[in-house]
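The data block below is data-v3.csv; it holds CSV, C-alpha atoms and all ligand atoms.
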```csv
chain,number,residue,atom,x,y,z
A,1,MET,CA,-15.8,-56.5,-9.4
A,2,SER,CA,-14.7,-59.3,-7.1
A,3,ASN,CA,-13.6,-58.7,-3.5
A,4,ILE,CA,-10.0,-59.4,-4.5
A,5,ASP,CA,-10.2,-56.8,-7.3
A,6,LYS,CA,-11.6,-54.3,-4.9
A,7,MET,CA,-8.8,-55.0,-2.4
A,8,THR,CA,-6.3,-54.5,-5.2
A,9,ALA,CA,-8.0,-51.3,-6.3
A,10,ASN,CA,-7.9,-50.0,-2.7
A,11,GLU,CA,-4.2,-50.8,-2.3
A,12,GLN,CA,-3.5,-48.9,-5.5
A,13,LEU,CA,-5.5,-46.0,-4.3
A,14,PHE,CA,-3.6,-45.9,-1.0
A,15,THR,CA,-0.2,-46.0,-2.6
A,16,GLU,CA,-1.1,-42.9,-4.6
A,17,LEU,CA,-1.9,-41.0,-1.4
A,18,THR,CA,0.4,-39.4,1.2
A,19,PRO,CA,0.5,-41.2,4.5
A,20,LYS,CA,-1.7,-38.4,6.0
A,21,GLU,CA,-4.2,-38.7,3.3
A,22,SER,CA,-4.3,-42.4,3.6
A,23,ALA,CA,-5.0,-42.2,7.3
A,24,VAL,CA,-8.0,-39.9,6.5
A,25,VAL,CA,-9.3,-42.2,3.8
A,26,GLU,CA,-8.8,-45.4,5.8
A,27,GLY,CA,-10.4,-44.0,9.0
A,28,GLY,CA,-12.1,-46.6,11.0
A,29,TYR,CA,-15.1,-48.7,10.5
A,30,ALA,CA,-18.5,-49.8,11.6
A,31,THR,CA,-19.5,-53.5,11.6
A,32,ILE,CA,-23.2,-54.3,11.8
A,33,TYR,CA,-24.5,-57.7,13.0
A,34,ARG,CA,-27.6,-59.6,12.3
A,35,HIS,CA,-28.3,-60.3,15.9
A,36,ILE,CA,-27.6,-58.6,19.3
A,37,ASN,CA,-24.2,-59.0,21.0
A,38,ARG,CA,-22.3,-59.2,17.7
A,39,GLN,CA,-23.9,-62.5,16.8
A,40,GLY,CA,-25.3,-63.8,13.5
A,41,GLY,CA,-22.6,-62.6,11.2
A,42,GLY,CA,-21.8,-59.1,10.2
A,43,ILE,CA,-20.6,-56.8,7.4
A,44,THR,CA,-18.1,-53.9,7.8
A,45,ARG,CA,-18.3,-50.5,6.2
A,46,TYR,CA,-15.6,-47.9,6.2
A,47,SER,CA,-17.4,-44.7,5.4
A,48,LEU,CA,-21.0,-45.2,4.2
A,49,ASP,CA,-23.5,-47.4,2.6
A,50,SER,CA,-26.6,-45.9,1.0
A,51,ASN,CA,-28.5,-49.1,0.5
A,52,LEU,CA,-28.2,-52.2,2.6
A,53,VAL,CA,-30.9,-53.9,0.5
A,54,ASN,CA,-28.2,-54.6,-2.0
A,55,ASP,CA,-26.1,-56.4,0.7
A,56,GLY,CA,-28.9,-58.7,1.9
A,57,PHE,CA,-28.8,-56.7,5.2
A,58,ASN,CA,-31.9,-54.6,5.0
A,59,ASP,CA,-33.9,-54.4,8.3
A,60,GLU,CA,-31.6,-57.0,9.7
A,61,ALA,CA,-29.0,-55.3,11.9
A,62,SER,CA,-29.4,-55.8,15.7
A,63,SER,CA,-26.0,-54.7,17.0
A,64,ILE,CA,-23.2,-52.5,15.8
A,65,THR,CA,-19.6,-51.9,16.6
A,66,VAL,CA,-18.2,-48.4,15.9
A,67,SER,CA,-14.4,-48.0,15.9
A,68,LYS,CA,-12.5,-45.7,18.2
A,69,GLY,CA,-13.2,-42.0,17.9
A,70,GLU,CA,-16.0,-42.2,15.4
A,71,VAL,CA,-19.7,-41.5,15.3
A,72,TRP,CA,-22.0,-43.1,12.7
A,73,GLN,CA,-25.5,-42.2,11.8
A,74,LEU,CA,-27.9,-45.0,11.2
A,75,PHE,CA,-31.0,-44.5,9.1
A,76,GLU,CA,-34.4,-46.2,8.9
A,77,HIS,CA,-34.6,-46.0,5.1
A,78,ILE,CA,-32.1,-46.2,2.2
A,79,ASN,CA,-30.3,-43.1,1.0
A,80,TYR,CA,-30.0,-41.6,4.5
A,81,THR,CA,-33.7,-41.0,5.1
A,82,GLY,CA,-36.3,-41.7,7.7
A,83,GLN,CA,-35.7,-42.0,11.5
A,84,PHE,CA,-32.0,-42.0,12.5
A,85,ARG,CA,-29.7,-42.6,15.5
A,86,PHE,CA,-26.2,-41.4,16.2
A,87,VAL,CA,-23.9,-44.1,17.5
A,88,PRO,CA,-20.5,-43.3,19.0
A,89,GLU,CA,-17.6,-45.7,19.4
A,90,GLY,CA,-18.3,-49.0,21.1
A,91,THR,CA,-20.6,-51.9,20.7
A,92,TRP,CA,-24.3,-51.3,20.9
A,93,ASN,CA,-27.4,-53.4,20.7
A,94,LEU,CA,-29.9,-51.7,18.5
A,95,THR,CA,-32.7,-53.2,20.5
A,96,ASP,CA,-31.6,-50.7,23.3
A,97,LEU,CA,-31.9,-47.8,20.8
A,98,GLY,CA,-35.3,-48.6,19.5
A,99,PHE,CA,-33.8,-49.4,16.2
A,100,ASN,CA,-33.8,-53.2,16.0
A,101,ASP,CA,-34.2,-54.6,12.4
A,102,LYS,CA,-34.7,-51.1,10.9
A,103,LEU,CA,-31.4,-50.1,9.5
A,104,SER,CA,-31.3,-49.5,5.8
A,105,SER,CA,-28.4,-47.1,5.3
A,106,LEU,CA,-25.6,-45.6,7.4
A,107,ARG,CA,-22.7,-43.2,7.2
A,108,ARG,CA,-19.8,-42.0,9.3
A,109,VAL,CA,-20.2,-38.4,10.5
A,110,VAL,CA,-17.2,-38.1,12.8
B,201,CA,CA,-31.7,-58.7,13.5
B,202,CA,CA,-35.5,-50.0,7.1
```

If you took the structure in this file and wrote it as structure tokens, what would it be?
Ligand SMILES: [Ca+2]
Ligand SMILES: [Ca+2]
Amino acid sequence: MSNIDKMTANEQLFTELTPKESAVVEGGYATIYRHINRQGGGITRYSLDSNLVNDGFNDEASSITVSKGEVWQLFEHINYTGQFRFVPEGTWNLTDLGFNDKLSSLRRVV
């Protein structure tokens, strides 16, 4: 499915939900970056990603931005396994968390 097809599918999903349900589904986001200080290009996820290998982002992330009011859990291995870190809202360098170039899956927990 192309990105445009995905966007269209998401729009269709949201129009079928009540405003309150849409707010829950939309939530916030986490953007991970290849280098520290949000450099090197990033990808954004809105709820979870079980396998960053498929995104060409395995063991690459060095910084992350978590949107307001959320907490994300970062995992060393795919499918939410291995060592992990909890990251609250804000921008963080994973070098400071002992988690540089380790991230392989992630999910929103709050
Ligand atoms: Ca990196
Ligand atoms: Ca890893």

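Closest approach to ligand CA 202 (chain B) among A:Thr91, A:Thr81, A:Asn58, A:Ser63: A:Asn58, based on all atoms listed in the file.
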
Quick one: residues within 10 Å of A:Gln39, only C-alpha atoms, excluding same-chain residues fewer than 6 positions away - as a tab-separated table (two decimals) with C-alpha atoms, in the frame of the given file?
```
chain	number	residue	atom	x	y	z
A	32	ILE	CA	-23.20	-54.30	11.80
A	33	TYR	CA	-24.50	-57.70	13.00
A	62	SER	CA	-29.40	-55.80	15.70
A	63	SER	CA	-26.00	-54.70	17.00
```

Give me, as a Markdown table, the closest atom pair and its distance (Å, one decimal) for every residue of chain A within a cut-off of 8 Å of ligand CA 202 (chain B), counting all atoms listed in the file, rows sorted by chain and rising number.
```
| residue | atom | partner | partner_atom | distance |
| --- | --- | --- | --- | --- |
| A:Asn58 | CA | B:CA202 | CA | 6.2 |
| A:Asp59 | CA | B:CA202 | CA | 4.8 |
| A:Phe75 | CA | B:CA202 | CA | 7.4 |
| A:Glu76 | CA | B:CA202 | CA | 4.3 |
| A:His77 | CA | B:CA202 | CA | 4.6 |
| A:Ile78 | CA | B:CA202 | CA | 7.1 |
| A:Asp101 | CA | B:CA202 | CA | 7.1 |
| A:Lys102 | CA | B:CA202 | CA | 4.0 |
| A:Leu103 | CA | B:CA202 | CA | 4.8 |
| A:Ser104 | CA | B:CA202 | CA | 4.4 |
| A:Ser105 | CA | B:CA202 | CA | 7.9 |
```

Keeping C-alpha atoms, export the residues of the selection given above as a PDB file, in the coordinates of the input.
```pdb
ATOM      1  CA  ASN A  58     -31.900 -54.600   5.000  1.00  0.00           C
ATOM      2  CA  ASP A  59     -33.900 -54.400   8.300  1.00  0.00           C
ATOM      3  CA  PHE A  75     -31.000 -44.500   9.100  1.00  0.00           C
ATOM      4  CA  GLU A  76     -34.400 -46.200   8.900  1.00  0.00           C
ATOM      5  CA  HIS A  77     -34.600 -46.000   5.100  1.00  0.00           C
ATOM      6  CA  ILE A  78     -32.100 -46.200   2.200  1.00  0.00           C
ATOM      7  CA  ASP A 101     -34.200 -54.600  12.400  1.00  0.00           C
ATOM      8  CA  LYS A 102     -34.700 -51.100  10.900  1.00  0.00           C
ATOM      9  CA  LEU A 103     -31.400 -50.100   9.500  1.00  0.00           C
ATOM     10  CA  SER A 104     -31.300 -49.500   5.800  1.00  0.00           C
ATOM     11  CA  SER A 105     -28.400 -47.100   5.300  1.00  0.00           C
TER      12      SER A 105
END
```

Write out as a compact mmCIF listing (two decimals) with C-alpha atoms, keeping the file's coordinate frame the residues lying within 7 Å of stretch 92-97 of chain A, counting all atoms listed in the file and excluding same-chain residues fewer than 2 positions away.
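Listed below is the output, result-v8.txt:
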```txt
# COMPACT_ATOMS: atom_id res chain seq x y z
CA ILE A 36 -27.60 -58.60 19.30
CA ASN A 37 -24.20 -59.00 21.00
CA SER A 62 -29.40 -55.80 15.70
CA SER A 63 -26.00 -54.70 17.00
CA ILE A 64 -23.20 -52.50 15.80
CA THR A 65 -19.60 -51.90 16.60
CA GLY A 90 -18.30 -49.00 21.10
CA PHE A 99 -33.80 -49.40 16.20
CA ASN A 100 -33.80 -53.20 16.00
```

| Atomic distance atom CA of A:Asp49 - atom CA of A:Leu106, expressed in Å with one decimal | 5.5 Å

Can you list, as an mmCIF file with C-alpha atoms, in the coordinates of the input, every protein, DNA or RNA residue that comes within 7 Å of A:Ser67 when you count only C-alpha atoms, leaving out same-chain residues fewer than 6 positions away?
```
data_model
loop_
_atom_site.group_PDB
_atom_site.id
_atom_site.type_symbol
_atom_site.label_atom_id
_atom_site.label_comp_id
_atom_site.auth_asym_id
_atom_site.auth_seq_id
_atom_site.Cartn_x
_atom_site.Cartn_y
_atom_site.Cartn_z
ATOM 1 C CA GLY A 28 -12.100 -46.600 11.000
ATOM 2 C CA TYR A 29 -15.100 -48.700 10.500
ATOM 3 C CA ALA A 30 -18.500 -49.800 11.600
ATOM 4 C CA GLU A 89 -17.600 -45.700 19.400
ATOM 5 C CA GLY A 90 -18.300 -49.000 21.100
#
```

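By chain and then residue number, the residues within 10 Å of A:Pro88 are Thr65, Val66, Ser67, Lys68, Gly69, Glu70, Val71, Trp72, Gln73, Arg108, Val109 and Val110 of chain A, counting all atoms listed in the file and disregarding those fewer than 5 positions away in sequence.
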
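Of the residues under consideration (A:Arg38, A:Val53, A:Arg107, A:Tyr80), A:Arg38 shows the shortest atom-to-atom contact distance to ligand CA 201 (chain B) when counting only C-alpha atoms and all ligand atoms.
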
| task | Between A:Arg85, A:Leu48, A:Arg34, A:Gly98, single out the one closest to ligand CA 201 (chain B), counting only C-alpha atoms and all ligand atoms. | result | A:Arg34

| request: May I ask for the distance between atom CA of ligand CA 201 (chain B) and atom CA of A:Glu60, given in Å to one decimal place? | output: 4.2 Å

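Between ligand CA 201 (chain B) and the candidates A:Leu74, A:Leu52, A:Ala61, A:Ile43, the tightest atom-to-atom separation, counting only C-alpha atoms and all ligand atoms, involves A:Ala61.
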